[in-house]
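run23.tsv follows (TSV, N, CA and C atoms):
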chain	number	residue	atom	x	y	z
A	22	MET	N	64.68	135.41	126.71
A	22	MET	CA	63.56	134.49	126.88
A	22	MET	C	63.40	134.16	128.37
A	23	LYS	N	62.15	134.14	128.83
A	23	LYS	CA	61.85	133.87	130.23
A	23	LYS	C	61.95	132.37	130.52
A	24	THR	N	62.27	132.08	131.81
A	24	THR	CA	62.35	130.68	132.24
A	24	THR	C	61.41	130.43	133.42
A	25	CYS	N	61.10	129.17	133.64
A	25	CYS	CA	60.22	128.75	134.73
A	25	CYS	C	60.87	129.08	136.08
A	26	LYS	N	60.08	129.56	137.03
A	26	LYS	CA	60.60	129.92	138.35
A	26	LYS	C	61.13	128.71	139.12
A	27	VAL	N	60.66	127.52	138.80
A	27	VAL	CA	61.02	126.33	139.56
A	27	VAL	C	62.12	125.52	138.89
A	28	CYS	N	61.89	125.11	137.64
A	28	CYS	CA	62.84	124.19	136.99
A	28	CYS	C	63.74	124.85	135.96
A	29	GLN	N	63.55	126.12	135.71
A	29	GLN	CA	64.37	126.91	134.78
A	29	GLN	C	64.24	126.51	133.31
A	30	LYS	N	63.20	125.76	132.94
A	30	LYS	CA	62.95	125.45	131.52
A	30	LYS	C	62.49	126.72	130.82
A	31	LYS	N	62.80	126.80	129.52
A	31	LYS	CA	62.34	127.95	128.74
A	31	LYS	C	60.83	127.89	128.58
A	32	LEU	N	60.20	129.05	128.72
A	32	LEU	CA	58.74	129.12	128.64
A	32	LEU	C	58.28	129.41	127.23
A	33	LYS	N	57.20	128.74	126.86
A	33	LYS	CA	56.57	128.97	125.55
A	33	LYS	C	55.14	129.40	125.80
A	34	GLY	N	54.63	130.29	124.99
A	34	GLY	CA	53.24	130.70	125.13
A	34	GLY	C	53.12	132.15	125.53
A	35	ARG	N	52.22	132.42	126.44
A	35	ARG	CA	51.90	133.79	126.85
A	35	ARG	C	53.13	134.53	127.39
A	36	SER	N	53.15	135.83	127.22
A	36	SER	CA	54.30	136.63	127.66
A	36	SER	C	54.36	136.79	129.18
A	37	ASP	N	53.23	136.64	129.88
A	37	ASP	CA	53.22	136.79	131.33
A	37	ASP	C	53.27	135.44	132.07
A	38	LYS	N	53.61	134.39	131.36
A	38	LYS	CA	53.68	133.05	131.95
A	38	LYS	C	54.86	132.97	132.92
A	39	ILE	N	54.67	132.28	134.07
A	39	ILE	CA	55.71	132.18	135.08
A	39	ILE	C	56.21	130.75	135.25
A	40	PHE	N	55.31	129.78	135.09
A	40	PHE	CA	55.64	128.36	135.30
A	40	PHE	C	55.43	127.60	134.00
A	41	CYS	N	56.21	126.53	133.85
A	41	CYS	CA	56.10	125.74	132.63
A	41	CYS	C	54.98	124.71	132.71
A	42	SER	N	54.57	124.34	133.93
A	42	SER	CA	53.52	123.33	134.09
A	42	SER	C	52.76	123.53	135.39
A	43	ILE	N	51.65	122.82	135.51
A	43	ILE	CA	50.87	122.85	136.74
A	43	ILE	C	51.68	122.28	137.90
A	44	GLY	N	52.49	121.27	137.61
A	44	GLY	CA	53.33	120.66	138.65
A	44	GLY	C	54.31	121.66	139.25
A	45	CYS	N	54.96	122.44	138.41
A	45	CYS	CA	55.91	123.46	138.90
A	45	CYS	C	55.17	124.54	139.69
A	46	LYS	N	53.99	124.94	139.21
A	46	LYS	CA	53.20	125.94	139.90
A	46	LYS	C	52.80	125.43	141.30
A	47	ASN	N	52.33	124.18	141.38
A	47	ASN	CA	51.94	123.60	142.66
A	47	ASN	C	53.13	123.48	143.60
A	48	HIS	N	54.28	123.06	143.08
A	48	HIS	CA	55.49	122.94	143.90
A	48	HIS	C	55.89	124.29	144.49
A	49	TYR	N	55.86	125.31	143.67
A	49	TYR	CA	56.23	126.66	144.11
A	49	TYR	C	55.33	127.14	145.25
A	50	HIS	N	54.02	127.02	145.09
A	50	HIS	CA	53.08	127.52	146.09
A	50	HIS	C	53.08	126.66	147.36
A	51	LYS	N	53.31	125.36	147.22
A	51	LYS	CA	53.41	124.48	148.39
A	51	LYS	C	54.62	124.87	149.23
A	52	HIS	N	55.74	125.12	148.56
A	52	HIS	CA	56.97	125.53	149.25
A	52	HIS	C	56.78	126.88	149.94
A	53	LEU	N	56.10	127.81	149.28
A	53	LEU	CA	55.83	129.13	149.84
A	53	LEU	C	54.96	129.03	151.10
A	54	ARG	N	53.93	128.18	151.08
A	54	ARG	CA	53.08	127.97	152.25
A	54	ARG	C	53.87	127.35	153.40
A	55	PHE	N	54.77	126.42	153.08
A	55	PHE	CA	55.59	125.77	154.11
A	55	PHE	C	56.47	126.78	154.83
A	56	ILE	N	57.12	127.65	154.08
A	56	ILE	CA	58.01	128.67	154.66
A	56	ILE	C	57.22	129.63	155.54
A	57	THR	N	56.07	130.08	155.05
A	57	THR	CA	55.22	131.01	155.81
A	57	THR	C	54.73	130.37	157.10
A	58	LYS	N	54.28	129.12	157.01
A	58	LYS	CA	53.76	128.41	158.18
A	58	LYS	C	54.86	128.21	159.22
A	59	LYS	N	56.07	127.91	158.76
A	59	LYS	CA	57.20	127.70	159.67
A	59	LYS	C	57.52	128.97	160.45
A	60	ALA	N	57.55	130.10	159.76
A	60	ALA	CA	57.85	131.38	160.42
A	60	ALA	C	56.75	131.75	161.42
A	61	ALA	N	55.49	131.56	161.03
A	61	ALA	CA	54.37	131.89	161.91
A	61	ALA	C	54.37	130.99	163.14
A	62	LYS	N	54.71	129.74	162.98
A	62	LYS	CA	54.76	128.80	164.10
A	62	LYS	C	55.83	129.21	165.11
A	63	GLN	N	56.97	129.65	164.63
A	63	GLN	CA	58.06	130.08	165.50
A	63	GLN	C	57.66	131.33	166.29
A	64	ILE	N	57.08	132.31	165.62
A	64	ILE	CA	56.66	133.54	166.29
A	64	ILE	C	55.55	133.26	167.29
A	65	ASP	N	54.61	132.40	166.94
A	65	ASP	CA	53.54	132.03	167.85
A	65	ASP	C	54.11	131.35	169.10
A	66	GLY	N	55.16	130.59	168.95
A	66	GLY	CA	55.83	129.97	170.09
A	66	GLY	C	56.42	131.01	171.03
A	67	TYR	N	57.05	132.04	170.47
A	67	TYR	CA	57.60	133.13	171.28
A	67	TYR	C	56.49	133.86	172.04
A	68	LEU	N	55.37	134.12	171.36
A	68	LEU	CA	54.25	134.81	172.00
A	68	LEU	C	53.67	133.99	173.15
A	69	LYS	N	53.51	132.70	172.93
A	69	LYS	CA	52.97	131.84	173.98
A	69	LYS	C	53.91	131.78	175.18
A	70	ARG	N	55.21	131.72	174.91
A	70	ARG	CA	56.19	131.69	176.00
A	70	ARG	C	56.14	133.01	176.79
A	71	ASN	N	56.10	134.14	176.08
A	71	ASN	CA	56.00	135.43	176.76
A	71	ASN	C	54.74	135.50	177.62
A	72	TYR	N	53.62	135.03	177.10
A	72	TYR	CA	52.37	135.04	177.84
A	72	TYR	C	52.49	134.18	179.10
A	73	LYS	N	53.08	133.02	178.96
A	73	LYS	CA	53.24	132.11	180.10
A	73	LYS	C	54.09	132.77	181.19
A	74	ILE	N	55.15	133.45	180.81
A	74	ILE	CA	56.03	134.13	181.77
A	74	ILE	C	55.27	135.26	182.48
A	75	LEU	N	54.52	136.06	181.72
A	75	LEU	CA	53.76	137.16	182.32
A	75	LEU	C	52.69	136.65	183.27
A	76	ILE	N	51.96	135.62	182.90
A	76	ILE	CA	50.89	135.09	183.74
A	76	ILE	C	51.47	134.46	185.00
A	77	GLU	N	52.64	133.84	184.87
A	77	GLU	CA	53.31	133.23	186.03
A	77	GLU	C	53.72	134.31	187.04
A	78	LEU	N	54.24	135.42	186.57
A	78	LEU	CA	54.67	136.51	187.45
A	78	LEU	C	53.48	137.27	188.04
A	79	LEU	N	52.41	137.39	187.27
A	79	LEU	CA	51.25	138.16	187.70
A	79	LEU	C	50.43	137.43	188.76
A	80	LYS	N	50.52	136.14	188.81
A	80	LYS	CA	49.73	135.31	189.72
A	80	LYS	C	48.26	135.34	189.30
A	81	GLN	N	47.42	134.63	190.04
A	81	GLN	CA	46.03	134.44	189.63
A	81	GLN	C	45.13	135.64	189.89
A	82	ASN	N	45.19	136.22	191.08
A	82	ASN	CA	44.20	137.23	191.47
A	82	ASN	C	44.67	138.68	191.30
A	83	LYS	N	45.90	138.90	190.92
A	83	LYS	CA	46.41	140.26	190.82
A	83	LYS	C	46.08	140.86	189.45
A	84	THR	N	45.95	142.18	189.42
A	84	THR	CA	45.70	142.87	188.15
A	84	THR	C	46.94	143.58	187.64
A	85	GLN	N	47.88	143.89	188.53
A	85	GLN	CA	49.15	144.49	188.09
A	85	GLN	C	50.24	144.21	189.12
A	86	ILE	N	51.47	144.23	188.62
A	86	ILE	CA	52.64	143.98	189.46
A	86	ILE	C	53.86	144.62	188.82
A	87	LYS	N	54.79	145.08	189.64
A	87	LYS	CA	56.07	145.60	189.15
A	87	LYS	C	57.12	144.52	189.35
A	88	VAL	N	57.92	144.28	188.31
A	88	VAL	CA	59.03	143.32	188.41
A	88	VAL	C	60.26	143.97	187.80
A	89	TYR	N	61.39	143.40	188.11
A	89	TYR	CA	62.63	143.89	187.52
A	89	TYR	C	62.84	143.27	186.15
A	90	ARG	N	63.42	144.04	185.27
A	90	ARG	CA	63.66	143.62	183.89
A	90	ARG	C	64.45	142.31	183.82
A	91	ASN	N	65.45	142.16	184.70
A	91	ASN	CA	66.28	140.96	184.64
A	91	ASN	C	65.51	139.70	185.04
A	92	GLN	N	64.40	139.84	185.83
A	92	GLN	CA	63.56	138.69	186.14
A	92	GLN	C	62.94	138.13	184.86
A	93	LEU	N	62.45	139.02	184.02
A	93	LEU	CA	61.86	138.60	182.75
A	93	LEU	C	62.92	138.00	181.82
A	94	THR	N	64.07	138.65	181.76
A	94	THR	CA	65.15	138.19	180.89
A	94	THR	C	65.63	136.81	181.31
A	95	GLN	N	65.77	136.57	182.61
A	95	GLN	CA	66.23	135.27	183.10
A	95	GLN	C	65.25	134.15	182.76
A	96	LYS	N	63.97	134.46	182.70
A	96	LYS	CA	62.97	133.46	182.38
A	96	LYS	C	62.84	133.22	180.87
A	97	GLY	N	63.55	134.02	180.07
A	97	GLY	CA	63.53	133.84	178.62
A	97	GLY	C	62.52	134.71	177.90
A	98	PHE	N	62.05	135.77	178.55
A	98	PHE	CA	61.10	136.69	177.93
A	98	PHE	C	61.77	137.41	176.77
A	99	ARG	N	61.08	137.50	175.65
A	99	ARG	CA	61.59	138.21	174.47
A	99	ARG	C	60.77	139.49	174.28
A	100	PHE	N	61.39	140.61	174.59
A	100	PHE	CA	60.71	141.90	174.55
A	100	PHE	C	60.29	142.29	173.14
A	101	LYS	N	60.92	141.74	172.15
A	101	LYS	CA	60.65	142.07	170.76
A	101	LYS	C	59.28	141.57	170.29
A	102	TYR	N	58.77	140.50	170.92
A	102	TYR	CA	57.55	139.85	170.44
A	102	TYR	C	56.35	140.21	171.30
A	103	HIS	N	55.36	140.85	170.68
A	103	HIS	CA	54.10	141.20	171.31
A	103	HIS	C	53.03	141.25	170.23
A	104	THR	N	51.76	141.19	170.65
A	104	THR	CA	50.68	141.15	169.66
A	104	THR	C	50.25	142.54	169.18
A	105	HIS	N	50.23	143.51	170.08
A	105	HIS	CA	49.89	144.88	169.71
A	105	HIS	C	50.34	145.82	170.84
A	106	PHE	N	50.14	147.11	170.64
A	106	PHE	CA	50.53	148.07	171.67
A	106	PHE	C	49.48	149.17	171.78
A	107	HIS	N	49.55	149.90	172.89
A	107	HIS	CA	48.63	151.01	173.15
A	107	HIS	C	49.40	152.13	173.84
A	108	ILE	N	49.18	153.37	173.42
A	108	ILE	CA	49.80	154.52	174.06
A	108	ILE	C	48.72	155.22	174.88
A	109	ASN	N	48.96	155.34	176.19
A	109	ASN	CA	47.94	155.94	177.06
A	109	ASN	C	48.02	157.47	177.02
A	110	SER	N	47.18	158.13	177.82
A	110	SER	CA	47.12	159.60	177.82
A	110	SER	C	48.40	160.25	178.35
A	111	LYS	N	49.20	159.49	179.11
A	111	LYS	CA	50.46	160.02	179.63
A	111	LYS	C	51.64	159.70	178.70
A	112	ASN	N	51.34	159.28	177.50
A	112	ASN	CA	52.32	158.94	176.47
A	112	ASN	C	53.20	157.74	176.83
A	113	LYS	N	52.68	156.85	177.64
A	113	LYS	CA	53.38	155.61	177.98
A	113	LYS	C	52.87	154.50	177.08
A	114	MET	N	53.78	153.67	176.61
A	114	MET	CA	53.39	152.61	175.69
A	114	MET	C	53.25	151.27	176.41
A	115	TYR	N	52.09	150.67	176.26
A	115	TYR	CA	51.83	149.32	176.77
A	115	TYR	C	52.01	148.34	175.61
A	116	HIS	N	52.82	147.32	175.82
A	116	HIS	CA	53.01	146.25	174.84
A	116	HIS	C	52.15	145.07	175.29
A	117	TYR	N	51.27	144.61	174.43
A	117	TYR	CA	50.36	143.53	174.78
A	117	TYR	C	50.86	142.19	174.26
A	118	VAL	N	50.60	141.16	175.05
A	118	VAL	CA	50.70	139.77	174.61
A	118	VAL	C	49.32	139.21	174.92
A	119	TYR	N	48.48	139.18	173.90
A	119	TYR	CA	47.07	138.80	174.03
A	119	TYR	C	46.36	139.75	175.01
A	120	ASP	N	45.93	139.30	176.19
A	120	ASP	CA	45.19	140.18	177.10
A	120	ASP	C	46.06	140.72	178.24
A	121	LEU	N	47.33	140.39	178.26
A	121	LEU	CA	48.25	140.93	179.27
A	121	LEU	C	49.12	142.00	178.63
A	122	ALA	N	49.49	143.00	179.43
A	122	ALA	CA	50.32	144.08	178.90
A	122	ALA	C	51.50	144.32	179.82
A	123	TRP	N	52.57	144.84	179.24
A	123	TRP	CA	53.73	145.25	180.03
A	123	TRP	C	54.19	146.62	179.55
A	124	MET	N	54.70	147.39	180.50
A	124	MET	CA	55.16	148.73	180.21
A	124	MET	C	56.47	148.96	180.94
A	125	GLU	N	57.39	149.62	180.29
A	125	GLU	CA	58.66	149.97	180.93
A	125	GLU	C	58.38	151.11	181.90
A	126	PHE	N	58.41	150.80	183.18
A	126	PHE	CA	58.10	151.78	184.22
A	126	PHE	C	59.30	152.69	184.47
A	127	SER	N	60.47	152.10	184.51
A	127	SER	CA	61.73	152.85	184.60
A	127	SER	C	62.74	152.03	183.81
A	128	ASP	N	64.02	152.42	183.87
A	128	ASP	CA	65.04	151.68	183.12
A	128	ASP	C	65.14	150.23	183.58
A	129	ASP	N	64.84	150.00	184.85
A	129	ASP	CA	65.04	148.67	185.42
A	129	ASP	C	63.74	147.95	185.78
A	130	GLU	N	62.63	148.68	185.86
A	130	GLU	CA	61.37	148.09	186.29
A	130	GLU	C	60.36	147.97	185.15
A	131	ILE	N	59.61	146.89	185.21
A	131	ILE	CA	58.56	146.63	184.22
A	131	ILE	C	57.24	146.48	184.97
A	132	LEU	N	56.21	147.14	184.50
A	132	LEU	CA	54.88	147.01	185.08
A	132	LEU	C	54.10	146.03	184.20
A	133	ILE	N	53.57	144.97	184.84
A	133	ILE	CA	52.75	143.98	184.13
A	133	ILE	C	51.31	144.21	184.55
A	134	VAL	N	50.41	144.29	183.56
A	134	VAL	CA	49.01	144.62	183.82
A	134	VAL	C	48.11	143.62	183.10
A	135	ARG	N	47.03	143.22	183.79
A	135	ARG	CA	45.99	142.40	183.14
A	135	ARG	C	44.89	143.33	182.68
A	136	LYS	N	44.59	143.34	181.40
A	136	LYS	CA	43.55	144.25	180.85
A	136	LYS	C	42.30	143.49	180.53

Structure translated into structure tokens:
Amino acid sequence: MKTCKVCQKKLKGRSDKIFCSIGCKNHYHKHLRFITKKAAKQIDGYLKRNYKILIELLKQNKTQIKVYRNQLTQKGFRFKYHTHFHINSKNKMYHYVYDLAWMEFSDDEILIVRK
């Protein structure tokens, strides 16, 4: 016999029933939204921090700059978090954080570009 996903009461009625009441159903979906929102908020924080670091290094009027990888690491840049990527005609991958991009130029150097 199937039980409720929230309170574990035995279910009566339809064979595809998941919750015993509207209250349990609402509790389940509210909790699911909370967990999703929490994860998205954390990732958005990482993206904003990465963007702030890139814009700080790029300065106001420049369109590109080379920096050392450890400069980014010391400022707390997280290479894992980016919004999207692009592979150019030379098979180099640009990792974007919104409208700014970074590319591994060599093992130690990173090229930051404003697109």

Practice item. Could you check which of A:Ile133, A:Ala61, A:Cys45, A:Ile39 is closest to A:Glu77, using only C-alpha atoms? Key: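 Ranking A:Ile133, A:Ala61, A:Cys45, A:Ile39 by distance to A:Glu77, first place goes to A:Ile133.
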
**Study point:** Non-local contacts of A:Ile74 (7 Å; all atoms listed in the file; under 5 positions in same chain excluded) as an NGL selection string
**Key:** :A and (69 or 79 or 96 or 98)

Practice item. Write out as a list in words the residues lying within 7 Å of A:Tyr115, counting all atoms listed in the file and excluding same-chain residues fewer than 2 positions away. Key: His105, Phe106, His107, Ile108, Asn109, Lys113, Tyr117, Ala122, Trp123, Met124 and Glu125 of chain A

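Atom pair atom CA of A:Gly66 / atom CA of A:Lys136 has a distance of 21.7 Å (rounded to one decimal).
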
**Study point:** Distance criterion (only N, CA and C atoms): nearest to A:Arg135 out of A:His116, A:Gln85, A:Asn91, A:Leu53
**Key:** A:Gln85

Check your understanding: Which one is closest to A:Ser36: A:His48, A:Lys87, A:Lys23, A:Lys59? Count only C-alpha atoms.
Key ->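 For A:Ser36, the nearest of the given residues is A:Lys23.
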
Point to revise | Computed interatomic separation between atom N of A:Ile86 and atom N of A:Lys62 (Å) | key: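 Interatomic distance, atom N of A:Ile86 to atom N of A:Lys62: 29.6 Å.
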